[in-house]
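To be precise, the following lines are coords-v3.cif, and they hold mmCIF, N, CA and C atoms.
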```cif
data_final
#
loop_
_atom_site.label_atom_id
_atom_site.label_comp_id
_atom_site.auth_asym_id
_atom_site.auth_seq_id
_atom_site.Cartn_x
_atom_site.Cartn_y
_atom_site.Cartn_z
N MET A 1 -40.14 -60.50 -69.90
CA MET A 1 -40.33 -61.89 -69.60
C MET A 1 -40.82 -62.59 -70.87
N ARG A 2 -40.21 -63.74 -71.16
CA ARG A 2 -40.54 -64.47 -72.37
C ARG A 2 -41.60 -65.51 -72.08
N LEU A 3 -42.65 -65.51 -72.85
CA LEU A 3 -43.68 -66.54 -72.74
C LEU A 3 -43.67 -67.36 -74.01
N GLU A 4 -43.78 -68.66 -73.88
CA GLU A 4 -43.86 -69.50 -75.04
C GLU A 4 -45.27 -69.43 -75.60
N SER A 5 -45.39 -69.60 -76.91
CA SER A 5 -46.69 -69.43 -77.55
C SER A 5 -47.73 -70.41 -77.03
N GLY A 6 -47.33 -71.59 -76.60
CA GLY A 6 -48.28 -72.57 -76.09
C GLY A 6 -48.78 -72.27 -74.70
N LEU A 7 -48.28 -71.23 -74.06
CA LEU A 7 -48.67 -70.95 -72.68
C LEU A 7 -49.66 -69.81 -72.56
N ARG A 8 -50.10 -69.26 -73.67
CA ARG A 8 -51.04 -68.13 -73.62
C ARG A 8 -52.48 -68.63 -73.64
N GLY A 9 -53.39 -67.79 -73.20
CA GLY A 9 -54.79 -68.15 -73.23
C GLY A 9 -55.27 -68.66 -71.89
N PRO A 10 -56.55 -69.08 -71.82
CA PRO A 10 -57.12 -69.50 -70.55
C PRO A 10 -56.45 -70.75 -69.98
N ARG A 11 -56.02 -71.65 -70.84
CA ARG A 11 -55.36 -72.85 -70.34
C ARG A 11 -53.87 -72.63 -70.18
N GLY A 12 -53.39 -71.47 -70.54
CA GLY A 12 -51.97 -71.16 -70.42
C GLY A 12 -51.48 -71.17 -68.99
N SER A 13 -52.33 -70.69 -68.09
CA SER A 13 -51.92 -70.67 -66.68
C SER A 13 -51.81 -72.09 -66.13
N GLU A 14 -52.66 -72.99 -66.61
CA GLU A 14 -52.55 -74.39 -66.19
C GLU A 14 -51.24 -74.99 -66.66
N LYS A 15 -50.89 -74.73 -67.93
CA LYS A 15 -49.64 -75.24 -68.47
C LYS A 15 -48.45 -74.62 -67.76
N MET A 16 -48.57 -73.33 -67.43
CA MET A 16 -47.49 -72.64 -66.74
C MET A 16 -47.27 -73.23 -65.35
N SER A 17 -48.37 -73.45 -64.61
CA SER A 17 -48.22 -74.01 -63.26
C SER A 17 -47.74 -75.45 -63.33
N GLU A 18 -48.15 -76.18 -64.35
CA GLU A 18 -47.67 -77.55 -64.53
C GLU A 18 -46.17 -77.55 -64.84
N LYS A 19 -45.76 -76.62 -65.68
CA LYS A 19 -44.35 -76.53 -66.05
C LYS A 19 -43.49 -76.13 -64.85
N ILE A 20 -43.94 -75.14 -64.09
CA ILE A 20 -43.14 -74.69 -62.95
C ILE A 20 -43.09 -75.76 -61.86
N SER A 21 -44.17 -76.50 -61.67
CA SER A 21 -44.12 -77.57 -60.66
C SER A 21 -43.18 -78.68 -61.10
N HIS A 22 -43.11 -78.94 -62.40
CA HIS A 22 -42.18 -79.94 -62.92
C HIS A 22 -40.74 -79.48 -62.73
N VAL A 23 -40.46 -78.23 -63.02
CA VAL A 23 -39.11 -77.67 -62.86
C VAL A 23 -38.73 -77.66 -61.37
N LYS A 24 -39.65 -77.28 -60.52
CA LYS A 24 -39.37 -77.25 -59.07
C LYS A 24 -39.08 -78.64 -58.53
N SER A 25 -39.86 -79.63 -58.94
CA SER A 25 -39.62 -80.98 -58.43
C SER A 25 -38.28 -81.52 -58.93
N PHE A 26 -37.91 -81.19 -60.16
CA PHE A 26 -36.59 -81.59 -60.68
C PHE A 26 -35.48 -80.94 -59.86
N ALA A 27 -35.62 -79.66 -59.57
CA ALA A 27 -34.58 -78.95 -58.81
C ALA A 27 -34.47 -79.51 -57.40
N LEU A 28 -35.58 -79.77 -56.76
CA LEU A 28 -35.55 -80.31 -55.41
C LEU A 28 -34.90 -81.70 -55.39
N ARG A 29 -35.23 -82.51 -56.37
CA ARG A 29 -34.65 -83.85 -56.46
C ARG A 29 -33.13 -83.79 -56.67
N MET A 30 -32.67 -82.94 -57.57
CA MET A 30 -31.24 -82.84 -57.84
C MET A 30 -30.48 -82.28 -56.63
N ASN A 31 -31.05 -81.30 -55.97
CA ASN A 31 -30.39 -80.73 -54.80
C ASN A 31 -30.34 -81.72 -53.64
N LEU A 32 -31.36 -82.55 -53.51
CA LEU A 32 -31.34 -83.59 -52.48
C LEU A 32 -30.23 -84.60 -52.77
N ILE A 33 -30.09 -84.99 -54.02
CA ILE A 33 -29.02 -85.93 -54.40
C ILE A 33 -27.66 -85.34 -54.08
N ILE A 34 -27.46 -84.07 -54.39
CA ILE A 34 -26.18 -83.41 -54.14
C ILE A 34 -25.91 -83.35 -52.63
N ALA A 35 -26.92 -83.04 -51.84
CA ALA A 35 -26.74 -82.98 -50.38
C ALA A 35 -26.36 -84.35 -49.83
N VAL A 36 -26.99 -85.40 -50.32
CA VAL A 36 -26.66 -86.75 -49.86
C VAL A 36 -25.23 -87.12 -50.24
N LEU A 37 -24.83 -86.80 -51.47
CA LEU A 37 -23.45 -87.08 -51.89
C LEU A 37 -22.44 -86.29 -51.05
N ALA A 38 -22.77 -85.06 -50.71
CA ALA A 38 -21.86 -84.26 -49.88
C ALA A 38 -21.73 -84.86 -48.48
N ILE A 39 -22.81 -85.33 -47.93
CA ILE A 39 -22.75 -85.95 -46.60
C ILE A 39 -21.96 -87.25 -46.64
N ILE A 40 -22.13 -88.03 -47.71
CA ILE A 40 -21.34 -89.25 -47.86
C ILE A 40 -19.85 -88.91 -47.92
N SER A 41 -19.50 -87.86 -48.63
CA SER A 41 -18.08 -87.48 -48.71
C SER A 41 -17.54 -87.05 -47.34
N LEU A 42 -18.39 -86.42 -46.55
CA LEU A 42 -17.96 -86.04 -45.20
C LEU A 42 -17.73 -87.28 -44.33
N LEU A 43 -18.53 -88.30 -44.53
CA LEU A 43 -18.36 -89.54 -43.77
C LEU A 43 -17.05 -90.24 -44.09
N THR A 44 -16.47 -89.97 -45.27
CA THR A 44 -15.19 -90.61 -45.62
C THR A 44 -14.04 -90.08 -44.78
N THR A 45 -14.25 -89.01 -44.04
CA THR A 45 -13.15 -88.46 -43.22
C THR A 45 -13.08 -89.10 -41.84
N ILE A 46 -14.02 -89.97 -41.52
CA ILE A 46 -13.97 -90.63 -40.22
C ILE A 46 -12.67 -91.44 -40.13
N GLY A 47 -11.91 -91.17 -39.12
CA GLY A 47 -10.65 -91.87 -38.92
C GLY A 47 -9.46 -91.25 -39.62
N THR A 48 -9.64 -90.12 -40.28
CA THR A 48 -8.51 -89.44 -40.93
C THR A 48 -8.05 -88.31 -40.02
N ASN A 49 -7.03 -87.59 -40.48
CA ASN A 49 -6.51 -86.50 -39.66
C ASN A 49 -7.42 -85.27 -39.72
N TYR A 50 -7.13 -84.30 -38.86
CA TYR A 50 -7.99 -83.12 -38.73
C TYR A 50 -7.96 -82.23 -39.95
N ARG A 51 -6.85 -82.20 -40.67
CA ARG A 51 -6.80 -81.36 -41.86
C ARG A 51 -7.79 -81.84 -42.92
N ALA A 52 -7.83 -83.16 -43.12
CA ALA A 52 -8.79 -83.71 -44.09
C ALA A 52 -10.22 -83.48 -43.62
N GLN A 53 -10.46 -83.65 -42.33
CA GLN A 53 -11.80 -83.42 -41.79
C GLN A 53 -12.22 -81.97 -41.95
N ALA A 54 -11.30 -81.06 -41.67
CA ALA A 54 -11.61 -79.63 -41.80
C ALA A 54 -11.87 -79.27 -43.26
N LEU A 55 -11.05 -79.80 -44.16
CA LEU A 55 -11.23 -79.51 -45.59
C LEU A 55 -12.62 -79.94 -46.06
N LEU A 56 -12.96 -81.17 -45.82
CA LEU A 56 -14.25 -81.66 -46.30
C LEU A 56 -15.42 -81.05 -45.54
N ALA A 57 -15.22 -80.70 -44.29
CA ALA A 57 -16.29 -80.03 -43.54
C ALA A 57 -16.62 -78.68 -44.16
N VAL A 58 -15.59 -77.94 -44.57
CA VAL A 58 -15.83 -76.64 -45.20
C VAL A 58 -16.50 -76.80 -46.56
N ILE A 59 -16.01 -77.76 -47.36
CA ILE A 59 -16.60 -77.99 -48.68
C ILE A 59 -18.06 -78.42 -48.55
N VAL A 60 -18.31 -79.38 -47.66
CA VAL A 60 -19.67 -79.88 -47.47
C VAL A 60 -20.58 -78.79 -46.91
N ALA A 61 -20.09 -78.00 -45.99
CA ALA A 61 -20.90 -76.90 -45.44
C ALA A 61 -21.29 -75.92 -46.54
N ALA A 62 -20.34 -75.58 -47.41
CA ALA A 62 -20.64 -74.66 -48.51
C ALA A 62 -21.66 -75.26 -49.47
N ILE A 63 -21.51 -76.54 -49.78
CA ILE A 63 -22.46 -77.19 -50.69
C ILE A 63 -23.84 -77.29 -50.06
N ILE A 64 -23.91 -77.69 -48.80
CA ILE A 64 -25.21 -77.81 -48.12
C ILE A 64 -25.89 -76.44 -48.01
N LEU A 65 -25.13 -75.42 -47.68
CA LEU A 65 -25.68 -74.06 -47.61
C LEU A 65 -26.22 -73.63 -48.97
N THR A 66 -25.47 -73.92 -50.01
CA THR A 66 -25.93 -73.59 -51.36
C THR A 66 -27.20 -74.34 -51.71
N VAL A 67 -27.27 -75.60 -51.35
CA VAL A 67 -28.46 -76.40 -51.62
C VAL A 67 -29.66 -75.81 -50.88
N ILE A 68 -29.48 -75.44 -49.63
CA ILE A 68 -30.59 -74.87 -48.84
C ILE A 68 -31.07 -73.56 -49.45
N VAL A 69 -30.13 -72.68 -49.79
CA VAL A 69 -30.51 -71.39 -50.38
C VAL A 69 -31.20 -71.60 -51.73
N THR A 70 -30.68 -72.52 -52.52
CA THR A 70 -31.29 -72.79 -53.83
C THR A 70 -32.70 -73.33 -53.68
N VAL A 71 -32.90 -74.26 -52.76
CA VAL A 71 -34.23 -74.83 -52.54
C VAL A 71 -35.22 -73.75 -52.07
N ILE A 72 -34.78 -72.88 -51.17
CA ILE A 72 -35.65 -71.79 -50.72
C ILE A 72 -36.02 -70.87 -51.88
N ARG A 73 -35.02 -70.52 -52.70
CA ARG A 73 -35.29 -69.64 -53.85
C ARG A 73 -36.19 -70.30 -54.87
N VAL A 74 -36.00 -71.59 -55.12
CA VAL A 74 -36.83 -72.31 -56.09
C VAL A 74 -38.26 -72.42 -55.58
N LYS A 75 -38.43 -72.76 -54.31
CA LYS A 75 -39.78 -72.88 -53.76
C LYS A 75 -40.52 -71.54 -53.78
N GLY A 76 -39.79 -70.44 -53.63
CA GLY A 76 -40.41 -69.13 -53.62
C GLY A 76 -40.66 -68.55 -54.99
N ALA A 77 -40.12 -69.16 -56.03
CA ALA A 77 -40.27 -68.62 -57.39
C ALA A 77 -41.67 -68.93 -57.91
N SER A 78 -42.25 -67.92 -58.56
CA SER A 78 -43.58 -68.10 -59.13
C SER A 78 -43.55 -68.12 -60.65
N ASP A 79 -42.38 -67.99 -61.21
CA ASP A 79 -42.20 -67.91 -62.65
C ASP A 79 -41.11 -68.92 -63.05
N PRO A 80 -41.29 -69.63 -64.17
CA PRO A 80 -40.25 -70.58 -64.58
C PRO A 80 -38.88 -69.93 -64.81
N LEU A 81 -38.88 -68.69 -65.25
CA LEU A 81 -37.60 -68.01 -65.48
C LEU A 81 -36.87 -67.73 -64.17
N LEU A 82 -37.60 -67.28 -63.16
CA LEU A 82 -36.99 -67.04 -61.85
C LEU A 82 -36.53 -68.36 -61.23
N CYS A 83 -37.35 -69.37 -61.41
CA CYS A 83 -37.00 -70.70 -60.90
C CYS A 83 -35.74 -71.20 -61.60
N GLY A 84 -35.69 -71.05 -62.91
CA GLY A 84 -34.53 -71.48 -63.68
C GLY A 84 -33.27 -70.71 -63.30
N LYS A 85 -33.42 -69.42 -63.06
CA LYS A 85 -32.27 -68.61 -62.66
C LYS A 85 -31.71 -69.08 -61.32
N ALA A 86 -32.58 -69.38 -60.37
CA ALA A 86 -32.13 -69.87 -59.06
C ALA A 86 -31.45 -71.22 -59.20
N ILE A 87 -32.00 -72.09 -60.03
CA ILE A 87 -31.40 -73.42 -60.23
C ILE A 87 -30.02 -73.29 -60.85
N VAL A 88 -29.91 -72.47 -61.88
CA VAL A 88 -28.62 -72.32 -62.58
C VAL A 88 -27.57 -71.72 -61.66
N GLN A 89 -27.92 -70.71 -60.89
CA GLN A 89 -26.94 -70.09 -59.99
C GLN A 89 -26.48 -71.09 -58.92
N GLY A 90 -27.39 -71.81 -58.31
CA GLY A 90 -27.02 -72.79 -57.30
C GLY A 90 -26.20 -73.93 -57.89
N THR A 91 -26.59 -74.37 -59.07
CA THR A 91 -25.89 -75.48 -59.72
C THR A 91 -24.47 -75.10 -60.07
N TRP A 92 -24.26 -73.89 -60.59
CA TRP A 92 -22.89 -73.45 -60.88
C TRP A 92 -22.05 -73.48 -59.62
N PHE A 93 -22.63 -73.05 -58.52
CA PHE A 93 -21.87 -72.97 -57.28
C PHE A 93 -21.47 -74.34 -56.77
N TRP A 94 -22.44 -75.27 -56.64
CA TRP A 94 -22.05 -76.57 -56.10
C TRP A 94 -21.25 -77.40 -57.08
N THR A 95 -21.42 -77.15 -58.37
CA THR A 95 -20.58 -77.86 -59.35
C THR A 95 -19.13 -77.38 -59.24
N SER A 96 -18.93 -76.09 -59.08
CA SER A 96 -17.56 -75.59 -58.96
C SER A 96 -16.92 -76.03 -57.65
N PHE A 97 -17.69 -76.12 -56.59
CA PHE A 97 -17.14 -76.61 -55.32
C PHE A 97 -16.77 -78.09 -55.41
N SER A 98 -17.44 -78.84 -56.25
CA SER A 98 -17.12 -80.26 -56.36
C SER A 98 -15.75 -80.49 -57.00
N LEU A 99 -15.22 -79.48 -57.66
CA LEU A 99 -13.86 -79.61 -58.20
C LEU A 99 -12.84 -79.81 -57.08
N SER A 100 -13.12 -79.33 -55.89
CA SER A 100 -12.18 -79.54 -54.78
C SER A 100 -12.09 -81.01 -54.41
N TYR A 101 -13.14 -81.78 -54.67
CA TYR A 101 -13.05 -83.22 -54.43
C TYR A 101 -12.00 -83.85 -55.34
N LEU A 102 -11.87 -83.30 -56.54
CA LEU A 102 -10.92 -83.86 -57.50
C LEU A 102 -9.50 -83.39 -57.24
N ILE A 103 -9.35 -82.15 -56.82
CA ILE A 103 -8.02 -81.56 -56.73
C ILE A 103 -7.42 -81.67 -55.34
N MET A 104 -8.17 -81.27 -54.33
CA MET A 104 -7.59 -81.10 -53.01
C MET A 104 -7.48 -82.37 -52.18
N THR A 105 -8.41 -83.29 -52.32
CA THR A 105 -8.40 -84.45 -51.43
C THR A 105 -7.20 -85.36 -51.65
N GLY A 106 -6.65 -85.37 -52.84
CA GLY A 106 -5.50 -86.21 -53.13
C GLY A 106 -4.18 -85.62 -52.71
N SER A 107 -4.19 -84.39 -52.24
CA SER A 107 -2.95 -83.73 -51.84
C SER A 107 -2.34 -84.41 -50.61
N PRO A 108 -1.02 -84.62 -50.61
CA PRO A 108 -0.38 -85.24 -49.45
C PRO A 108 -0.55 -84.43 -48.17
N TYR A 109 -0.76 -83.12 -48.29
CA TYR A 109 -0.92 -82.26 -47.11
C TYR A 109 -2.08 -82.73 -46.23
N PHE A 110 -3.16 -83.19 -46.86
CA PHE A 110 -4.35 -83.58 -46.11
C PHE A 110 -4.25 -85.01 -45.60
N GLY A 111 -3.38 -85.81 -46.15
CA GLY A 111 -3.10 -87.14 -45.63
C GLY A 111 -4.27 -88.10 -45.62
N MET A 112 -5.13 -88.03 -46.60
CA MET A 112 -6.25 -88.97 -46.66
C MET A 112 -5.79 -90.29 -47.23
N PRO A 113 -6.31 -91.39 -46.71
CA PRO A 113 -5.99 -92.70 -47.30
C PRO A 113 -6.47 -92.76 -48.75
N MET A 114 -5.79 -93.57 -49.56
CA MET A 114 -6.09 -93.62 -50.98
C MET A 114 -7.53 -94.05 -51.27
N ILE A 115 -8.10 -94.92 -50.48
CA ILE A 115 -9.48 -95.34 -50.71
C ILE A 115 -10.43 -94.16 -50.52
N ASN A 116 -10.17 -93.32 -49.52
CA ASN A 116 -11.01 -92.13 -49.29
C ASN A 116 -10.85 -91.13 -50.42
N VAL A 117 -9.61 -90.98 -50.89
CA VAL A 117 -9.37 -90.08 -52.03
C VAL A 117 -10.14 -90.58 -53.25
N ALA A 118 -10.11 -91.90 -53.49
CA ALA A 118 -10.81 -92.46 -54.64
C ALA A 118 -12.32 -92.26 -54.52
N ILE A 119 -12.86 -92.46 -53.32
CA ILE A 119 -14.31 -92.27 -53.11
C ILE A 119 -14.68 -90.81 -53.35
N ASN A 120 -13.89 -89.89 -52.81
CA ASN A 120 -14.18 -88.46 -53.00
C ASN A 120 -14.00 -88.04 -54.45
N PHE A 121 -13.03 -88.61 -55.13
CA PHE A 121 -12.84 -88.33 -56.55
C PHE A 121 -14.07 -88.77 -57.33
N LEU A 122 -14.56 -89.96 -57.02
CA LEU A 122 -15.76 -90.48 -57.69
C LEU A 122 -16.97 -89.60 -57.39
N ILE A 123 -17.11 -89.19 -56.13
CA ILE A 123 -18.21 -88.29 -55.77
C ILE A 123 -18.10 -86.97 -56.54
N GLY A 124 -16.89 -86.43 -56.66
CA GLY A 124 -16.68 -85.20 -57.42
C GLY A 124 -17.08 -85.35 -58.87
N ILE A 125 -16.71 -86.46 -59.49
CA ILE A 125 -17.07 -86.72 -60.89
C ILE A 125 -18.59 -86.82 -61.03
N ILE A 126 -19.23 -87.54 -60.11
CA ILE A 126 -20.69 -87.68 -60.16
C ILE A 126 -21.37 -86.32 -60.02
N ILE A 127 -20.90 -85.50 -59.10
CA ILE A 127 -21.50 -84.18 -58.91
C ILE A 127 -21.30 -83.30 -60.14
N ILE A 128 -20.14 -83.38 -60.77
CA ILE A 128 -19.91 -82.59 -61.98
C ILE A 128 -20.84 -83.05 -63.10
N ILE A 129 -21.00 -84.35 -63.27
CA ILE A 129 -21.91 -84.87 -64.30
C ILE A 129 -23.35 -84.44 -64.00
N LEU A 130 -23.77 -84.56 -62.74
CA LEU A 130 -25.11 -84.11 -62.36
C LEU A 130 -25.28 -82.62 -62.57
N GLY A 131 -24.23 -81.84 -62.30
CA GLY A 131 -24.28 -80.40 -62.51
C GLY A 131 -24.47 -80.05 -63.98
N ILE A 132 -23.72 -80.71 -64.84
CA ILE A 132 -23.86 -80.46 -66.29
C ILE A 132 -25.27 -80.84 -66.75
N TYR A 133 -25.75 -81.99 -66.29
CA TYR A 133 -27.10 -82.43 -66.65
C TYR A 133 -28.15 -81.43 -66.15
N THR A 134 -28.00 -80.98 -64.91
CA THR A 134 -28.96 -80.03 -64.35
C THR A 134 -28.96 -78.72 -65.12
N LEU A 135 -27.78 -78.22 -65.44
CA LEU A 135 -27.69 -76.97 -66.20
C LEU A 135 -28.34 -77.10 -67.57
N LEU A 136 -28.03 -78.16 -68.29
CA LEU A 136 -28.57 -78.32 -69.64
C LEU A 136 -30.08 -78.56 -69.62
N ARG A 137 -30.56 -79.34 -68.68
CA ARG A 137 -32.00 -79.59 -68.60
C ARG A 137 -32.75 -78.34 -68.17
N THR A 138 -32.18 -77.58 -67.24
CA THR A 138 -32.82 -76.34 -66.81
C THR A 138 -32.89 -75.35 -67.97
N LYS A 139 -31.83 -75.26 -68.73
CA LYS A 139 -31.82 -74.37 -69.90
C LYS A 139 -32.90 -74.78 -70.89
N LYS A 140 -33.01 -76.09 -71.12
CA LYS A 140 -33.99 -76.59 -72.07
C LYS A 140 -35.42 -76.33 -71.60
N GLU A 141 -35.68 -76.53 -70.31
CA GLU A 141 -37.06 -76.42 -69.82
C GLU A 141 -37.48 -74.99 -69.50
N THR A 142 -36.54 -74.13 -69.12
CA THR A 142 -36.93 -72.77 -68.71
C THR A 142 -36.46 -71.70 -69.68
N GLY A 143 -35.48 -72.01 -70.50
CA GLY A 143 -34.94 -71.02 -71.42
C GLY A 143 -33.96 -70.05 -70.79
N VAL A 144 -33.54 -70.32 -69.57
CA VAL A 144 -32.60 -69.45 -68.87
C VAL A 144 -31.20 -69.68 -69.45
N MET A 145 -30.48 -68.60 -69.62
CA MET A 145 -29.11 -68.71 -70.11
C MET A 145 -28.22 -69.28 -69.02
N LEU A 146 -27.20 -70.00 -69.41
CA LEU A 146 -26.32 -70.64 -68.45
C LEU A 146 -25.25 -69.69 -67.92
N SER A 147 -25.17 -68.50 -68.43
CA SER A 147 -24.09 -67.58 -68.06
C SER A 147 -24.55 -66.51 -67.07
N ILE A 148 -25.58 -66.77 -66.28
CA ILE A 148 -26.05 -65.75 -65.34
C ILE A 148 -25.26 -65.79 -64.07
#
```
Would it be possible to restate this file's structure as structure tokens?
Amino acid sequence: MRLESGLRGPRGSEKMSEKISHVKSFALRMNLIIAVLAIISLLTTIGTNYRAQALLAVIVAAIILTVIVTVIRVKGASDPLLCGKAIVQGTWFWTSFSLSYLIMTGSPYFGMPMINVAINFLIGIIIIILGIYTLLRTKKETGVMLSI
């Protein structure tokens, strides 16, 4: 386990707990944003056919499940490295799932209206940008590698 030089000594535990609480609050905030965006994308299927509803229901369910598991793992972590590892793993998962917003929703097979496709495309882009930001910030604050 890697400790930064500024975290050793009697006040090191205070800095460590301050750092981990900061990382945890960031992770919880980002996962909440992702869950809200996923629910908004599910709402875009109201009035569309069942194929589009089923597609987005599966994507949203996977993203929400990932968010829940990530939040549980982050809350249970007592070390910034473990917290960072949980954040990075969850972020990779929901970022990769957001690619389906870009690729699959525009397919004629699902028959979504163009406005819904545009909204989901925008949501996918926002989630990808948030994912990149989360990964880079987590790496910076915890030192966890992005390739775990």
* Have a look at CA of Asp79 in chain A and atom N of Ala62 in chain A and let me know their distance in Å, one decimal. =>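 Going from CA of Asp79 in chain A over to atom N of Ala62 in chain A covers 27.7 Å.
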* **Selection under test: the PyMOL selection byres (((chain A and resi 70 and name CA) around 9) and name CA); residues as a list in words** =>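 Expected selection for the PyMOL selection byres (((chain A and resi 70 and name CA) around 9) and name CA) here is Ala27, Leu28, Asn31, Leu65, Thr66, Val67, Ile68, Val69, Val71, Ile72, Arg73, Val74, Lys75, Ala86, Ile87, Gln89, Gly90 and Thr91 of chain A.
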* To do: Carefully work through the PyMOL selection byres (((chain A and resi 124-136 and name CA) around 6) and name CA) for this structure and note down the residues it includes, as a list in words.
  =>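 Output of the PyMOL selection byres (((chain A and resi 124-136 and name CA) around 6) and name CA): Val88, Thr91, Thr95, Ser98, Tyr101, Leu102, Phe121, Leu122, Ile123, Arg137, Thr138 and Lys139 of chain A.
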* Report the distance between CA of Ala38 in chain A and CA of Leu81 in chain A in Å, rounded to one decimal place. => 27.5 Å
* Pick out the closest residue to Ile59 in chain A from this set: A:Met104, A:Gly47, A:Arg29, A:Phe97. Count only N, CA and C atoms. => A:Phe97
* Find the distance between CA of Ile40 in chain A and CA of Phe110 in chain A and write it in Å to one decimal. =>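 According to the coordinates, CA of Ile40 in chain A and CA of Phe110 in chain A are separated by 18.0 Å.
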* Of the listed residues A:Ile46, A:Met30, A:Ala61, A:Met145, that which approaches Met112 in chain A most closely, counting only C-alpha atoms ->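 Using only C-alpha atoms, Met112 in chain A sits closest to A:Ile46.
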Would you place a box with edges along x, y and z of the file around all atoms of range 42-48 of chain A listed there, add 3 Å to each of its six sides, and report the centre and edge lengths in Å to one decimal, as AutoDock Vina command-line options?
```
--center_x -13.3 --center_y -89.0 --center_z -42.7 --size_x 16.5 --size_y 11.8 --size_z 13.6
```
* Structure fact -> Restricting to only N, CA and C atoms, whichever of A:Leu146, A:Leu82, A:Val36, A:Leu42 is closest to Asn120 in chain A is A:Leu42
* To do: Just the helix (DSSP H, G or I) stuff from range 78-144 of chain A, please, per backbone DSSP, written as a VMD selection string.
  => chain A and resid 80 to 103 114 to 142
* **Proximity to Lys19 in chain A - best of A:Ile34, A:Glu141, A:Leu43, A:Ile115, only N, CA and C atoms** => A:Glu141
